[in-house]
Structures are given as structure tokens and as C-alpha cells.
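Chemist: File work-v7.csv follows (CSV, C-alpha atoms):
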chain,number,residue,atom,x,y,z
T,1,HIS,CA,-11.4,-3.8,65.1
T,2,PRO,CA,-13.0,-2.9,61.7
T,3,HIS,CA,-16.6,-3.3,63.0
T,4,GLU,CA,-16.0,-0.6,65.6
T,5,GLN,CA,-15.2,2.0,63.0
T,6,ILE,CA,-18.1,1.5,60.6
T,7,THR,CA,-20.0,4.8,60.0
T,8,GLY,CA,-21.9,3.9,56.9
T,9,ASN,CA,-25.6,3.5,55.9
T,10,TYR,CA,-26.9,1.4,58.8
T,11,ILE,CA,-29.5,1.5,61.6
T,12,GLU,CA,-28.7,0.2,65.0
T,13,VAL,CA,-31.5,-2.2,66.3
T,14,LYS,CA,-32.1,-3.8,69.7
T,15,GLU,CA,-31.1,-7.5,70.0
T,16,ASN,CA,-34.7,-8.6,70.6
T,17,ASN,CA,-35.7,-7.0,67.3
T,18,LEU,CA,-33.3,-9.0,65.3
T,19,PRO,CA,-35.3,-10.2,62.2
T,20,ILE,CA,-33.8,-13.7,62.1
T,21,LYS,CA,-37.0,-15.2,60.8
T,22,ASN,CA,-36.1,-13.8,57.4
T,23,SER,CA,-32.4,-15.0,57.4
T,24,VAL,CA,-31.2,-17.0,54.5
T,25,PHE,CA,-27.4,-16.8,54.9
T,26,ILE,CA,-25.2,-16.6,58.1
T,27,TYR,CA,-21.5,-15.9,58.0
T,28,GLN,CA,-18.9,-15.3,60.7
T,29,SER,CA,-16.0,-13.0,59.6
T,30,SER,CA,-12.5,-13.3,61.0
T,31,ASP,CA,-13.1,-10.9,63.8
T,32,GLN,CA,-16.1,-13.1,65.0
T,33,THR,CA,-18.8,-10.7,63.8
T,34,VAL,CA,-21.8,-12.6,62.7
T,35,TRP,CA,-23.3,-11.4,59.4
T,36,ILE,CA,-26.9,-12.3,58.6
T,37,GLY,CA,-28.3,-12.0,55.1
T,38,THR,CA,-32.1,-11.8,54.9
T,39,VAL,CA,-34.6,-12.7,52.1
T,40,ASP,CA,-36.0,-9.2,51.9
T,41,ASP,CA,-34.6,-7.0,54.7
T,42,GLY,CA,-31.0,-6.4,53.9
T,43,LEU,CA,-27.8,-7.3,55.9
T,44,ILE,CA,-27.3,-7.5,59.7
T,45,ALA,CA,-24.1,-7.4,61.6
T,46,TYR,CA,-24.0,-8.7,65.2
T,47,THR,CA,-20.7,-8.2,67.1
T,48,GLY,CA,-21.9,-9.4,70.6
T,49,ASN,CA,-22.0,-5.8,71.8
T,50,PHE,CA,-24.3,-4.2,69.2
T,51,ILE,CA,-26.3,-4.9,66.1
T,52,LYS,CA,-26.2,-2.9,62.8
T,53,HIS,CA,-28.7,-3.2,60.0
T,54,TYR,CA,-27.8,-2.3,56.4
T,55,ARG,CA,-30.5,-1.9,53.7
T,56,PHE,CA,-30.9,-0.8,50.1
T,57,ASP,CA,-31.5,3.0,49.8
T,58,ALA,CA,-32.6,4.2,46.4
T,59,LYS,CA,-31.1,7.6,47.1
T,60,ASN,CA,-27.7,6.3,48.1
T,61,LYS,CA,-25.6,4.6,45.4
T,62,ASN,CA,-23.2,3.4,48.1
T,63,SER,CA,-25.9,1.3,49.9
T,64,LEU,CA,-26.7,-2.3,49.3
T,65,PRO,CA,-27.9,-3.1,45.7
T,66,SER,CA,-30.9,-4.9,47.1
T,67,ASN,CA,-32.4,-6.1,50.3
T,68,ARG,CA,-32.3,-9.8,49.2
T,69,ILE,CA,-29.0,-11.3,50.2
T,70,ILE,CA,-27.7,-14.5,48.6
T,71,GLU,CA,-24.2,-14.9,49.9
T,72,ILE,CA,-21.6,-13.2,52.1
T,73,TRP,CA,-17.8,-13.7,51.6
T,74,GLU,CA,-14.8,-12.2,53.4
T,75,GLU,CA,-11.9,-11.0,51.3
T,76,SER,CA,-10.0,-9.5,54.2
T,77,PRO,CA,-10.8,-8.2,57.7
T,78,THR,CA,-11.9,-4.9,56.2
T,79,ILE,CA,-13.6,-6.1,53.0
T,80,LEU,CA,-16.7,-8.2,52.6
T,81,TRP,CA,-18.4,-9.2,49.3
T,82,ILE,CA,-22.1,-9.4,49.3
T,83,THR,CA,-24.1,-11.2,46.6
T,84,THR,CA,-27.7,-9.9,46.2
T,85,ASN,CA,-30.3,-10.7,43.6
T,86,GLN,CA,-29.3,-7.4,42.0
T,87,GLY,CA,-25.6,-8.2,41.8
T,88,ILE,CA,-22.4,-8.3,43.9
T,89,ALA,CA,-21.2,-5.4,46.1
T,90,LYS,CA,-17.9,-4.8,47.8
T,91,PHE,CA,-18.4,-3.6,51.4
T,92,ASN,CA,-15.7,-1.5,53.0
T,93,ARG,CA,-16.1,-2.0,56.7
T,94,LEU,CA,-14.0,1.0,57.5
T,95,SER,CA,-16.0,3.5,55.5
T,96,GLY,CA,-19.4,1.6,55.7
T,97,GLN,CA,-19.7,2.0,51.9
T,98,PHE,CA,-20.9,-0.5,49.3
T,99,THR,CA,-19.4,-0.5,45.8
T,100,ARG,CA,-21.9,-2.0,43.4
T,101,TYR,CA,-21.2,-4.1,40.2
T,102,THR,CA,-23.4,-5.2,37.3
T,103,PRO,CA,-26.8,-6.4,38.5
T,104,ASN,CA,-26.5,-9.8,36.9
T,105,SER,CA,-23.2,-10.7,38.8
T,106,ARG,CA,-23.3,-13.5,41.3
T,107,LEU,CA,-20.7,-14.8,43.9
T,108,VAL,CA,-17.1,-13.9,44.5
T,109,ARG,CA,-14.1,-16.2,44.9
T,110,GLN,CA,-10.4,-15.7,45.1
T,111,GLY,CA,-8.1,-17.9,43.0
T,112,PRO,CA,-4.6,-19.1,43.8
T,113,ASP,CA,-3.3,-16.2,41.7
T,114,VAL,CA,-5.1,-13.9,44.2
T,115,VAL,CA,-7.3,-12.6,41.4
T,116,LEU,CA,-11.0,-12.2,42.3
T,117,TYR,CA,-13.5,-14.0,40.2
T,118,THR,CA,-17.3,-13.7,39.8
T,119,SER,CA,-20.0,-15.0,37.5
T,120,VAL,CA,-22.6,-13.2,35.4
T,121,VAL,CA,-25.9,-14.8,34.7
T,122,ALA,CA,-25.9,-16.5,31.3
T,123,GLN,CA,-22.5,-15.0,30.5
T,124,GLY,CA,-20.1,-17.1,32.3
T,125,LEU,CA,-16.9,-16.4,34.3
T,126,PHE,CA,-15.4,-13.0,34.9
T,127,THR,CA,-12.5,-11.4,36.8
T,128,ILE,CA,-13.0,-8.4,39.1
T,129,ASP,CA,-11.0,-5.2,38.6
T,130,THR,CA,-11.3,-3.5,42.1
T,131,VAL,CA,-9.3,-0.5,41.0
T,132,HIS,CA,-11.7,0.5,38.2
T,133,ASN,CA,-14.7,-1.4,39.7
T,134,THR,CA,-15.3,-3.3,36.5
T,135,LEU,CA,-15.7,-6.9,35.4
T,136,HIS,CA,-13.7,-8.6,32.6
T,137,SER,CA,-15.0,-11.7,30.8
T,138,ILE,CA,-12.9,-14.8,30.6
T,139,LYS,CA,-13.2,-16.1,27.1
T,140,CYS,CA,-13.8,-19.8,27.5
T,141,VAL,CA,-13.1,-21.9,24.4
T,142,ASP,CA,-15.8,-24.6,24.7
T,143,ILE,CA,-17.8,-27.0,26.9
T,144,LEU,CA,-16.9,-30.7,26.5
T,145,ASP,CA,-18.6,-33.6,28.1
T,146,GLU,CA,-16.5,-36.6,29.4
T,147,LYS,CA,-16.6,-38.1,25.9
T,148,ASN,CA,-15.1,-34.9,24.4
T,149,MET,CA,-18.4,-34.0,22.7
T,150,SER,CA,-18.5,-30.2,22.0
T,151,TYR,CA,-21.5,-28.1,23.0
T,152,ARG,CA,-20.3,-24.5,22.2
T,153,GLU,CA,-22.2,-23.0,25.2
T,154,ALA,CA,-19.4,-21.7,27.4
T,155,GLY,CA,-20.6,-18.1,27.0
T,156,MET,CA,-24.1,-19.0,28.2
T,157,MET,CA,-23.3,-20.4,31.6
T,158,SER,CA,-25.0,-19.4,34.9
T,159,PHE,CA,-23.5,-20.5,38.2
T,160,SER,CA,-25.3,-21.4,41.5
T,161,ASN,CA,-21.9,-22.0,43.1
T,162,PHE,CA,-18.2,-22.4,42.2
T,163,GLU,CA,-15.0,-23.1,44.2
T,164,PHE,CA,-11.2,-23.5,43.5
T,165,ASP,CA,-9.6,-26.8,44.4
T,166,LYS,CA,-6.0,-27.3,45.6
T,167,GLU,CA,-4.8,-27.5,42.0
T,168,GLY,CA,-6.4,-24.2,41.0
T,169,ILE,CA,-9.2,-25.9,39.0
T,170,ILE,CA,-12.6,-24.3,39.3
T,171,TRP,CA,-15.5,-26.7,40.1
T,172,ALA,CA,-18.9,-25.2,39.5
T,173,ALA,CA,-22.6,-26.1,39.9
T,174,ALA,CA,-23.9,-24.4,36.8
T,175,SER,CA,-26.2,-24.5,33.9
T,176,ALA,CA,-25.8,-23.9,30.2
T,177,LYS,CA,-28.4,-23.9,27.4
T,178,THR,CA,-28.5,-27.7,27.1
T,179,PHE,CA,-27.7,-29.1,30.5
T,180,THR,CA,-27.3,-28.4,34.3
T,181,GLY,CA,-24.9,-30.1,36.6
T,182,LEU,CA,-21.2,-30.3,37.7
T,183,PHE,CA,-18.5,-28.6,35.6
T,184,HIS,CA,-14.8,-28.0,36.0
T,185,PHE,CA,-12.6,-25.5,34.3
T,186,TYR,CA,-8.9,-25.6,33.2
T,187,PHE,CA,-7.1,-22.3,32.9
T,188,THR,CA,-4.5,-24.0,30.8
T,189,THR,CA,-7.0,-24.9,28.0
T,190,PHE,CA,-9.9,-22.5,28.8
T,191,LEU,CA,-12.2,-25.5,28.5
T,192,TRP,CA,-15.2,-26.4,30.7
T,193,ILE,CA,-15.8,-30.1,31.2
T,194,PHE,CA,-19.3,-31.3,32.0
T,195,HIS,CA,-19.8,-34.2,34.3
T,196,ALA,CA,-22.9,-36.3,33.7
T,197,THR,CA,-25.3,-36.4,36.7
T,198,SER,CA,-25.1,-40.2,36.7
T,199,ALA,CA,-21.4,-40.3,37.4
T,200,CYS,CA,-20.1,-41.5,40.8
T,201,TYR,CA,-16.8,-40.3,42.2
T,202,GLN,CA,-14.9,-42.3,44.8
T,203,ARG,CA,-11.6,-42.1,46.6
T,204,SER,CA,-8.9,-44.2,45.0
T,205,ALA,CA,-5.6,-45.0,46.8
T,206,THR,CA,-3.8,-45.3,43.4
T,207,ASP,CA,-5.3,-42.2,41.7
T,208,PRO,CA,-3.9,-38.9,43.1
T,209,LEU,CA,-6.6,-37.0,41.1
T,210,SER,CA,-9.5,-38.7,42.8
T,211,ILE,CA,-11.5,-37.1,45.5
T,212,TYR,CA,-9.8,-36.8,48.9
T,213,ASN,CA,-12.4,-38.4,51.1
T,214,LYS,CA,-15.9,-39.8,51.2
T,215,LEU,CA,-18.5,-37.0,51.2
Write out the structure in this file as C-alpha cells.

Modeler:
Amino acid sequence: HPHEQITGNYIEVKENNLPIKNSVFIYQSSDQTVWIGTVDDGLIAYTGNFIKHYRFDAKNKNSLPSNRIIEIWEESPTILWITTNQGIAKFNRLSGQFTRYTPNSRLVRQGPDVVLYTSVVAQGLFTIDTVHNTLHSIKCVDILDEKNMSYREAGMMSFSNFEFDKEGIIWAAASAKTFTGLFHFYFTTFLWIFHATSACYQRSATDPLSIYNKL
């Protein structure tokens, strides 16, 4: 198992010392390891047999970018992506090393094309090049509202969350210069569509593009 081979920058702690009071995000990876992100004390891995604690180390560029964890996401059994308030980091569970990216990057998702995507605060959507450890901006054309009014703010977006649906469309909780709310993105047109907060979406038996079920 990957968790049995980690030899990176961590400290083993006793189970009764687990700082769960500071936890803000809990995630279970495919091997059943429980990962706990804390508000100011780094990342904790609990396998059932032992606990490991990963923290930011100013002297180690391969440690966490920050001790404030926002999100944990598993790309594969050996790779986790950690979002901190100082950017995303790729965690190799075999080596125990974190690869840091730009401090303003937030969240990681994998598209239907198997490409990894992230966002950068006030700069929009990016792809992740894991070979060269770089980010590449997706040049979005525009933001339109549901009445096709143009806002020209696509390059100013910040994301609090985003996900791909079954059609490969990105749905995002985000903000731009003028507004905050729900957006979706078409790769065919490179347009963001803003949905007014007063809109109500319901399941329609005759519309295959409506939501699948009641929320």
C-alpha cells in the first residue's frame, strides 16, 4: 500500500494527540486512509494502524506550502492534490514529497479528457502541466448572462468550487468583478455563462438537459 512506503516530511503522533479540533476538511482515499486537513496545523494521515502529520517547513521546498488546508483530492492511489491558502501542491505518497505550484492556485479537478485543471485567484481557469510543474491559462472569450449580455470579465474570475458534469461542462461557484454566483463553461465556445441567483432549476421529464434529480 502507498501509505506504508511514505518516508517524507512527517511526524508520527499518538492517536490520542490527534488535533481534530482544528480539522476543516476530511477525505478518505481509495486505500481507506483518512486524511484530515486542519485550519493551521497541516495535514494528518490516519491509516487505522498509525498516524502521520505533515506540516509546512520553511527550510524544505518539498513540504506543504502552508499549514492551512482547504481541500484534499485524490488523482491516483499514489498522488494526492492538496489545496492550501498558499496554493496547490501535488503530494507523492511514495516519496513523501510535495510539489508546490503558484501561491494563488486553488482546487484541482480532472476533466473527461484526463487533463488536470485548477483555478488561480482573479485569473480564471488553468490546466496543470505535471511534467514541467507549470500552469497554463485557458483563454476564455467572455462571460455572458442568460440574456446574452456580455461582461468581459472572464479573466478576472475566482473560484470557490468547480466540477465537471457528465457532458464535460464545468459548473463553478465563482465570482468576477461584477457578480458572484453559479457559472458554467463550454469548451466548444470558450464562454462562461452566468446564472442569476434568482433562477430555479427543476427536473423535467421532457428536457434531457435539465438537472437529474431534486437536490

Chemist: Which residues are close to Thr130 (chain T), i.e. within 12 Å by all atoms listed in the file, leaving aside same-chain residues fewer than 6 positions away? Reply as a count of residues only.

Modeler: 14

Chemist: Mind checking which residues fall within 7 Å of Asp142 (chain T), counting only C-alpha atoms, ignoring those fewer than 4 positions away in the same chain, and posting them as a VMD selection string?

Modeler: chain T and resid 150 to 154 191 to 192

Chemist: Given all atoms listed in the file as the basis, pick out the residue of T:Phe183, T:Ile138, T:Pro112, T:Gly155 nearest to Gly168 (chain T).

Modeler: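 Ranking T:Phe183, T:Ile138, T:Pro112, T:Gly155 by distance to Gly168 (chain T), first place goes to T:Pro112.
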
Chemist: Find, counting only C-alpha atoms, the residue in T:Arg106, T:His195, T:Arg55, T:Arg93 that gets nearest to Ser158 (chain T).

Modeler: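 Smallest distance to Ser158 (chain T) is found for T:Arg106.
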
Chemist: Quick one: of T:Glu146, T:Asp41, T:Glu71, T:Asp113, who's nearest to Thr84 (chain T), counting all atoms listed in the file?

Modeler: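 For Thr84 (chain T), the nearest of the candidates is T:Glu71.
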
Chemist: Using all atoms listed in the file, which protein or nucleic acid residues come within 12 Å of Ile36 (chain T)? Drop anything in the same chain fewer than 2 positions from it, and give the result as JSON, numbers by chain.

Modeler: {"T": [18, 19, 20, 21, 22, 23, 24, 25, 26, 27, 28, 29, 33, 34, 38, 39, 40, 41, 42, 43, 44, 45, 46, 47, 51, 52, 53, 54, 67, 68, 69, 70, 71, 72, 73, 82]}

Chemist: What gap, in Å, lies between CA of Gln32 (chain T) and CA of Ser76 (chain T)?

Modeler: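 Computed distance, CA of Gln32 (chain T) to CA of Ser76 (chain T), equals 12.9 Å.
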
Chemist: Please report the interatomic distance between CA of Lys139 (chain T) and CA of Ala122 (chain T) in Å with one decimal.

Modeler: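 About the pair CA of Lys139 (chain T) and CA of Ala122 (chain T): they are 13.4 Å apart.
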
Chemist: So, with all atoms listed in the file as the atoms that count, which of T:Phe194, T:Gly87, T:Met157, T:Ile128 lies closest to Trp171 (chain T)?

Modeler: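 Checking each of T:Phe194, T:Gly87, T:Met157, T:Ile128 against Trp171 (chain T), counting all atoms listed in the file, the winner is T:Phe194.
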